[in-house]
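A short write-up of the structure that comes next.
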Amino acid sequence: MTKIIQISDPHIVAQDELAYGHVDTAKALKKCVEKIGRILPEIGPIDMIIFTGDLTDFGKEEEYLIFRKIVEELDIPYQAIPGNHDNKLVMQKVFSDQDWMPKKGPINWEIDFNDLKIIALDTSITGMAHGYLENISLDFLKSSLSSAKEKPVLVATHHPPILTGIEKMDIQNLRESAEFNKILSGYNGKLKLICGHIHRNIVGQFGDIVCQIAPGVSHAVTMDLRKGAPNCLTKEPGSFLLHEIQGGILSHQILVDHYDGPFLFYPEST
């Protein structure tokens, strides 16, 4: 049974800097890597890690190199798509040694496992915060789904196409998504859409498709559903998702921080 870890929105900044003046994003990603390594005997084996965008905060080469150094301490294959904070051209340069990275154009890719297919789509637009899928990406999705042969599919994007009630993030969601929904809804197998961008674990419906937004690994977008609420972050515990095939596609949230336990519920019965 295939197991995929999804990590989203690391927002790595230059060495010794804090994102937004508050968050040590490199330290947070290191803690995540250490947590995965520590719990691998309980949750593994892990087939792949997917990063659903905003690997960096400013899309600079130095930031991507820091990202790679941290992530590659784990001996687990990983692949990524860009978010609105990333720079596609710099990302393609820094990851040019990776087979999954296209030389040019949108950073779309697919990978097949025995019981699962992953299709990752680039929703980033240079210089813009919201997301959009180019026709070339929609065509890539159609082709990839046609070759999936009804096996379970995870489709990954950075920007979610659903509204969350967090106003300042909803105006940056995936726009003009009707054709995207039509393509996904036409697939005959089990399919789940996984996203990033919002820094919160949110599950909703995109038509008849389940859409799960991943939590942030280093910080959260503040949970404030009031109209006109300011765009803020909260230093909540970072976490990531584990997706696995258990009949369908089952997803778990795993907190990065270390907590006491495990403790037997009834130790006297052992």
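So you can find residues: chains in the structure tokens are A, B, ... in the order shown, residues in each start at 1, and ligands are numbered from 1 in order.
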
Which residues in region 126-169 of chain A does DSSP call alpha helix (DSSP H)? List them as a PyMOL selection string.
chain A and resi 135-146+167-169

Non-local contacts of region 207-221 of chain A (9 Å; only C-alpha atoms; under 4 positions in same chain excluded) as a ChimeraX atom specification:
/A:6-11,23-29,32,52,158-162,166,169,181-182,184-185,191-203,231-241,251,253,255-256

Those same residues, written as a tab-separated table (two decimals), in the first residue's frame with C-alpha atoms?
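Generated file (part-v4.tsv):
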chain	number	residue	atom	x	y	z
A	6	GLN	CA	2.45	15.91	1.99
A	7	ILE	CA	4.31	18.91	3.39
A	8	SER	CA	3.16	22.38	2.46
A	9	ASP	CA	4.30	25.98	2.64
A	10	PRO	CA	7.76	25.82	4.26
A	11	HIS	CA	8.45	29.46	3.24
A	23	VAL	CA	8.99	32.60	12.13
A	24	ASP	CA	12.17	30.54	11.91
A	25	THR	CA	11.00	28.54	8.92
A	26	ALA	CA	14.27	26.63	8.46
A	27	LYS	CA	14.09	25.43	12.07
A	28	ALA	CA	10.47	24.38	11.54
A	29	LEU	CA	11.32	22.36	8.43
A	32	CYS	CA	9.54	18.23	10.53
A	52	THR	CA	2.63	21.51	-2.38
A	158	HIS	CA	-0.85	24.81	-4.43
A	159	HIS	CA	-3.95	27.01	-4.68
A	160	PRO	CA	-7.24	25.45	-3.56
A	161	PRO	CA	-10.32	26.04	-5.74
A	162	ILE	CA	-12.67	26.18	-2.74
A	166	ILE	CA	-10.75	33.26	5.49
A	169	MET	CA	-6.85	33.96	1.48
A	181	ASN	CA	-13.75	20.61	-11.90
A	182	LYS	CA	-15.28	19.13	-15.05
A	184	LEU	CA	-11.74	15.86	-12.28
A	185	SER	CA	-15.43	14.92	-12.03
A	191	LEU	CA	-9.78	10.80	-6.79
A	192	LYS	CA	-8.81	13.32	-4.14
A	193	LEU	CA	-7.58	16.89	-4.60
A	194	ILE	CA	-4.82	17.99	-2.21
A	195	CYS	CA	-3.68	21.61	-1.89
A	196	GLY	CA	-1.65	24.03	0.20
A	197	HIS	CA	-1.63	27.83	0.45
A	198	ILE	CA	-4.02	28.31	3.39
A	199	HIS	CA	-1.70	26.86	6.09
A	200	ARG	CA	-4.65	25.10	7.74
A	201	ASN	CA	-6.04	21.56	7.58
A	202	ILE	CA	-9.36	22.14	5.82
A	203	VAL	CA	-11.56	19.61	4.02
A	231	ASN	CA	-4.22	39.05	6.98
A	232	CYS	CA	-2.29	37.55	9.90
A	233	LEU	CA	-0.25	34.52	10.87
A	234	THR	CA	-0.36	32.56	14.11
A	235	LYS	CA	2.53	30.48	15.44
A	236	GLU	CA	0.48	27.32	15.83
A	237	PRO	CA	2.18	23.89	15.89
A	238	GLY	CA	3.34	22.84	12.42
A	239	SER	CA	2.05	19.62	10.91
A	240	PHE	CA	1.89	17.57	7.74
A	241	LEU	CA	-0.35	14.98	6.10
A	251	SER	CA	-5.39	10.95	5.08
A	253	GLN	CA	-2.64	14.82	10.10
A	255	LEU	CA	1.88	17.23	14.35
A	256	VAL	CA	5.57	18.10	14.14

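Going from CA of Val90 (chain A) over to CA of Lys30 (chain A), you cover 22.3 Å.
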
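Between CA of Ile111 (chain A) and CA of Thr126 (chain A) there is a distance of 25.5 Å.
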
Could you pull the residues within 9 Å of Gly248 (chain A), counting only C-alpha atoms, minus those fewer than 3 positions along the same chain, as a list in words?
Pro152, Lys190, Leu191, Glu244 and Ile245 of chain A

For Ala14 (chain A), which residue among A:Gly186, A:Gly59, A:Pro262, A:Gly204 is the nearest when counting only C-alpha atoms?
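The answer is A:Gly59, which sits nearest to Ala14 (chain A).
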
Nearest to Ile70 (chain A) among A:Gly228, A:Asp47, A:Leu55, A:Gln205, with distances taken over only C-alpha atoms: which residue is it?
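Of A:Gly228, A:Asp47, A:Leu55, A:Gln205, the one nearest Ile70 (chain A) is A:Leu55, counting only C-alpha atoms.
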